[in-house]
Number of protein chains: 2
Amino acid sequence: MTDLAISFEDVAAAHARIAPFAHRTPVLTSTTADALVGGSLFFKCENFQRMGAFKFRGAYNAIAQFTPEQRAHGVVTFSSGNHAQGIALSARLLGVKAVILMPIDAPATKVAATRGYGAEVVLYDRYGEDRDAIGRRLADERGLTLIPPYDHPHVMAGQGTVAKELIEEVGPLDVLLVPLGGGGLLSGCATAAKALCPDCRVIGVEPEAGNDGQLSFRSGAIVRIDTPKTIADGAQTQFLGNYTFPVIRQRVDDVLTVSDAELAATMKFFAMRMKIIVEPTGCLGAAAAFGGQLDLRGKRVGVVLTGGNVDMARFASLIADAA
Amino acid sequence: MTDLAISFEDVAAAHARIAPFAHRTPVLTSTTADALVGGSLFFKCENFQRMGAFKFRGAYNAIAQFTPEQRAHGVVTFSSGNHAQGIALSARLLGVKAVILMPIDAPATKVAATRGYGAEVVLYDRYGEDRDAIGRRLADERGLTLIPPYDHPHVMAGQGTVAKELIEEVGPLDVLLVPLGGGGLLSGCATAAKALCPDCRVIGVEPEAGNDGQLSFRSGAIVRIDTPKTIADGAQTQFLGNYTFPVIRQRVDDVLTVSDAELAATMKFFAMRMKIIVEPTGCLGAAAAFGGQLDLRGKRVGVVLTGGNVDMARFASLIADAA
């Protein structure tokens, strides 16, 4: 355990660091949702987090630990969207310059919001160019500190505060369902959950088309895939991280997948029955709960809703097409 | 004061009665919204209430006080939607038969949801027929007890628990903005607010096309208008009630109006910036806050969001057309 990137103490320290600046997001329940699965679901609503997603937590936790010299030079990152906004907002709050590398096909709301927070946005083609290389070059050229979207201990610890808050509010859980992209959120949440309620089964949920995490978890080595095409734009990662994967192997119990059709149906459920807007990626955990893969009867189930940043036109179109 | 229909004690008793069955809805805040008005806004999210609107509170409070004989015969009501669902759900929870008179042009989601709760739905033409007369005839013929949507002390007291919860959670307010249809919510909330923080200015907000409440408040007598055409389908009332109007005159400080365009723009703000779905009627109070009619700088402002029951197609269309 000692060689893992983060411990519960890191999550607790992150929580003390971000609590004055992050929203303590509400936990919603739904009798309709409970009836569907036969258990008690607790939805942790990070779509109500600042900038609309949990990513603010990890970003703030990372930049807040910069040295004075790092703060003076600035931060750079690459992101399909929410991490970008998290870095941009955190940097502004901490008075640090931010440069964000975003894919050309990122949702327009996310690009606009990132620029709105005062960050410089550099666009690249995610199907052709290597974002890591571009990010590292920018960092070298300008003396910027690179904070990647998930594979960084300070980011992971920050994201773990989601599960810490949830369990502290509702009590011990039998199951915790967490969307999985690169594993920052899952590794952090698993670390918090296993410390606070060791019997809780922690399950990561990926889009079917982007099942690198499941392949990696089951084979015991990081598996790389091509950039997956899925409506879950926040989980289009190609591989788990060198920091996140060992934590996931140690502290996570399983990784499941759901289809894009299940994500759209879940997004519609949230809109019509619970009156909340959850982006496709944010529906991963809930779609697994509703999909019948797990026997949740009589169980207390935490479900992380990661974000709500979706273009209104895209939202309307996905809802209209959903089952 | 003694001849008014409800006192704060009635609201407190209603709260004890409904608390085990109603959701204690969250209060959301938004730094973006605060920046727009220069004050601190506290949004009481009754769109997250059971059946998607505050109406559950008053309906449950009324039926829970039925005599055994009334319970055996059943309840009847007329409603454009949310009160119908509130009565239907409350009746089911209390084992009472419910008959609901609904306008033919009520939103399809509301008719379906009402039937889904096991109620018998009777449709009528709201531009041609007198719903009061039909309701009273049904009540006579079948021995049902009529619980009208707003003009009933038990309904008013139940709705007042919205403001009681809000103020107990966030502390004293300088201003409280409450959507106004027939005045059940406004009279109840004003009663709670003036008891808990007497200096709070309580303001009702109506759609421009349905300004009977403003005309009545300013003239000192109940003014009747034709059924107004507005997107705020929950505020298409033609006149305040014999119980609600005296309470409003005594305990409310002003009544303002907003346009349908302001309602649609506010609905879009909630969706895009706060990730919540609020029906047009539910946006009345917030639209007044954003519209610049009030100087809210430095003020602590409570805003009641009454419900979230809107067809997804209608929601998408209103959002697409909004400013």
# chains A, B, ... in the order shown; residues from 1 in each chain; ligands from 1
call {"tool": "residues_around", "arguments": {"residues": "stretch 290-303 of chain A", "least_positions_apart": "3", "cutoff": "6 Å", "atoms": "only C-alpha atoms", "output": "list in words"}}
result
Gly38, Gly39, Ser40, Leu41, Phe42, Phe43, Leu173, Asp174, Val175, Leu176, Leu177, Gly285 and Ala287 of chain A
call {"tool": "residues_around", "arguments": {"residues": "A:Ala59", "least_positions_apart": "5", "cutoff": "9 Å", "atoms": "only C-alpha atoms", "output": "count of residues only"}}
result
15
call {"tool": "atom_distance", "arguments": {"atom1": "atom CA of A:Ser216", "atom2": "atom CA of A:Lys194"}}
result
20.8 Å
call {"tool": "residues_around", "arguments": {"residues": "B:Met312", "least_positions_apart": "3", "cutoff": "8 Å", "atoms": "only C-alpha atoms", "output": "ChimeraX atom specification"}}
result
/A:271-272,316,319-320 /B:315-316
call {"tool": "closest_atom_pairs", "arguments": {"of": "chain A", "to": "chain B", "cutoff": "8 Å", "atoms": "only C-alpha atoms", "output": "CSV"}}
result
residue,atom,partner,partner_atom,distance
A:Pro26,CA,B:Pro26,CA,6.8
A:Asn47,CA,B:Lys275,CA,6.6
A:Phe48,CA,B:Met274,CA,6.5
A:Gly52,CA,B:Met274,CA,7.6
A:Ala271,CA,B:Ile277,CA,7.0
A:Met272,CA,B:Met312,CA,7.1
A:Arg273,CA,B:Gly52,CA,7.6
A:Met274,CA,B:Phe48,CA,6.4
A:Lys275,CA,B:Ile277,CA,4.8
A:Ile276,CA,B:Ile276,CA,4.5
A:Ile277,CA,B:Lys275,CA,4.8
A:Val278,CA,B:Lys275,CA,7.2
A:Gly308,CA,B:Lys275,CA,5.9
A:Asn309,CA,B:Met272,CA,7.7
A:Asp311,CA,B:Met272,CA,7.9
A:Met312,CA,B:Met272,CA,7.1
A:Ala313,CA,B:Ala320,CA,7.5
A:Ala316,CA,B:Ala316,CA,5.7
A:Ile319,CA,B:Met312,CA,7.8
A:Ala320,CA,B:Ala313,CA,7.5
call {"tool": "closest_residue", "arguments": {"among": "A:Met267, A:Val121, A:Ile203, A:Ile18", "to": "A:Ile104", "atoms": "only C-alpha atoms"}}
result
A:Val121
call {"tool": "residues_around", "arguments": {"residues": "stretch 5-7 of chain B", "least_positions_apart": "5", "cutoff": "8 Å", "atoms": "only C-alpha atoms", "output": "PyMOL selection string"}}
result
chain B and resi 153+156-157+188+191+243-244+247
call {"tool": "write_last_selection", "arguments": {"atoms": "all heavy atoms", "output": "short mmCIF file (atom, residue, chain, number, x, y, z; two decimals), in the first residue's frame"}}
result
data_model
loop_
_atom_site.label_atom_id
_atom_site.label_comp_id
_atom_site.auth_asym_id
_atom_site.auth_seq_id
_atom_site.Cartn_x
_atom_site.Cartn_y
_atom_site.Cartn_z
N PRO B 153 -57.36 26.77 3.74
CA PRO B 153 -56.36 27.03 4.79
C PRO B 153 -55.33 25.92 4.96
O PRO B 153 -54.15 26.19 5.20
CB PRO B 153 -57.22 27.19 6.05
CG PRO B 153 -58.55 27.67 5.54
CD PRO B 153 -58.74 26.98 4.23
N MET B 156 -52.86 26.24 2.08
CA MET B 156 -52.01 27.42 2.30
C MET B 156 -50.94 27.14 3.37
O MET B 156 -49.76 27.48 3.20
CB MET B 156 -52.87 28.61 2.72
CG MET B 156 -53.85 29.07 1.63
SD MET B 156 -55.32 29.92 2.31
CE MET B 156 -54.59 31.42 3.00
N ALA B 157 -51.36 26.54 4.47
CA ALA B 157 -50.40 26.25 5.55
C ALA B 157 -49.32 25.28 5.08
O ALA B 157 -48.14 25.43 5.39
CB ALA B 157 -51.14 25.69 6.76
N GLY B 188 -48.97 31.37 2.25
CA GLY B 188 -48.30 30.51 3.23
C GLY B 188 -46.88 30.96 3.50
O GLY B 188 -46.44 31.06 4.65
N THR B 191 -46.70 34.17 5.50
CA THR B 191 -47.01 33.91 6.90
C THR B 191 -45.78 33.37 7.63
O THR B 191 -45.47 33.81 8.75
CB THR B 191 -48.19 32.91 6.98
OG1 THR B 191 -49.32 33.49 6.33
CG2 THR B 191 -48.52 32.58 8.44
N TYR B 243 -59.70 33.14 0.85
CA TYR B 243 -58.80 32.94 1.98
C TYR B 243 -57.42 33.54 1.72
O TYR B 243 -56.78 34.10 2.60
CB TYR B 243 -58.63 31.45 2.27
CG TYR B 243 -59.85 30.76 2.83
CD1 TYR B 243 -60.50 29.77 2.09
CD2 TYR B 243 -60.35 31.08 4.09
CE1 TYR B 243 -61.62 29.13 2.60
CE2 TYR B 243 -61.47 30.44 4.60
CZ TYR B 243 -62.11 29.46 3.85
OH TYR B 243 -63.21 28.83 4.36
N THR B 244 -56.94 33.40 0.46
CA THR B 244 -55.56 33.83 0.20
C THR B 244 -55.43 35.36 0.13
O THR B 244 -54.42 35.92 0.60
CB THR B 244 -55.00 33.22 -1.11
OG1 THR B 244 -55.79 33.66 -2.23
CG2 THR B 244 -54.99 31.71 -1.05
N VAL B 247 -54.79 37.37 3.43
CA VAL B 247 -53.44 37.08 3.96
C VAL B 247 -52.39 37.83 3.14
O VAL B 247 -51.44 38.40 3.69
CB VAL B 247 -53.16 35.56 3.96
CG1 VAL B 247 -51.74 35.29 4.43
CG2 VAL B 247 -54.17 34.83 4.84
#
call {"tool": "closest_residue", "arguments": {"among": "B:Ala16, B:Glu168, B:Ile231, B:Ser259", "to": "B:Arg314", "atoms": "only C-alpha atoms"}}
result
B:Ile231
call {"tool": "atom_distance", "arguments": {"atom1": "atom CA of B:Pro179", "atom2": "atom CA of B:Tyr60"}}
result
20.3 Å
call {"tool": "residues_around", "arguments": {"residues": "B:Val205", "least_positions_apart": "4", "cutoff": "6 Å", "atoms": "only C-alpha atoms", "output": "VMD selection string"}}
result
chain B and resid 179 to 180 255 to 257 284 to 285
call {"tool": "closest_residue", "arguments": {"among": "B:Glu206, B:Asp212, B:Asp151, B:Asp260", "to": "B:Asn242", "atoms": "only C-alpha atoms"}}
result
B:Asp151
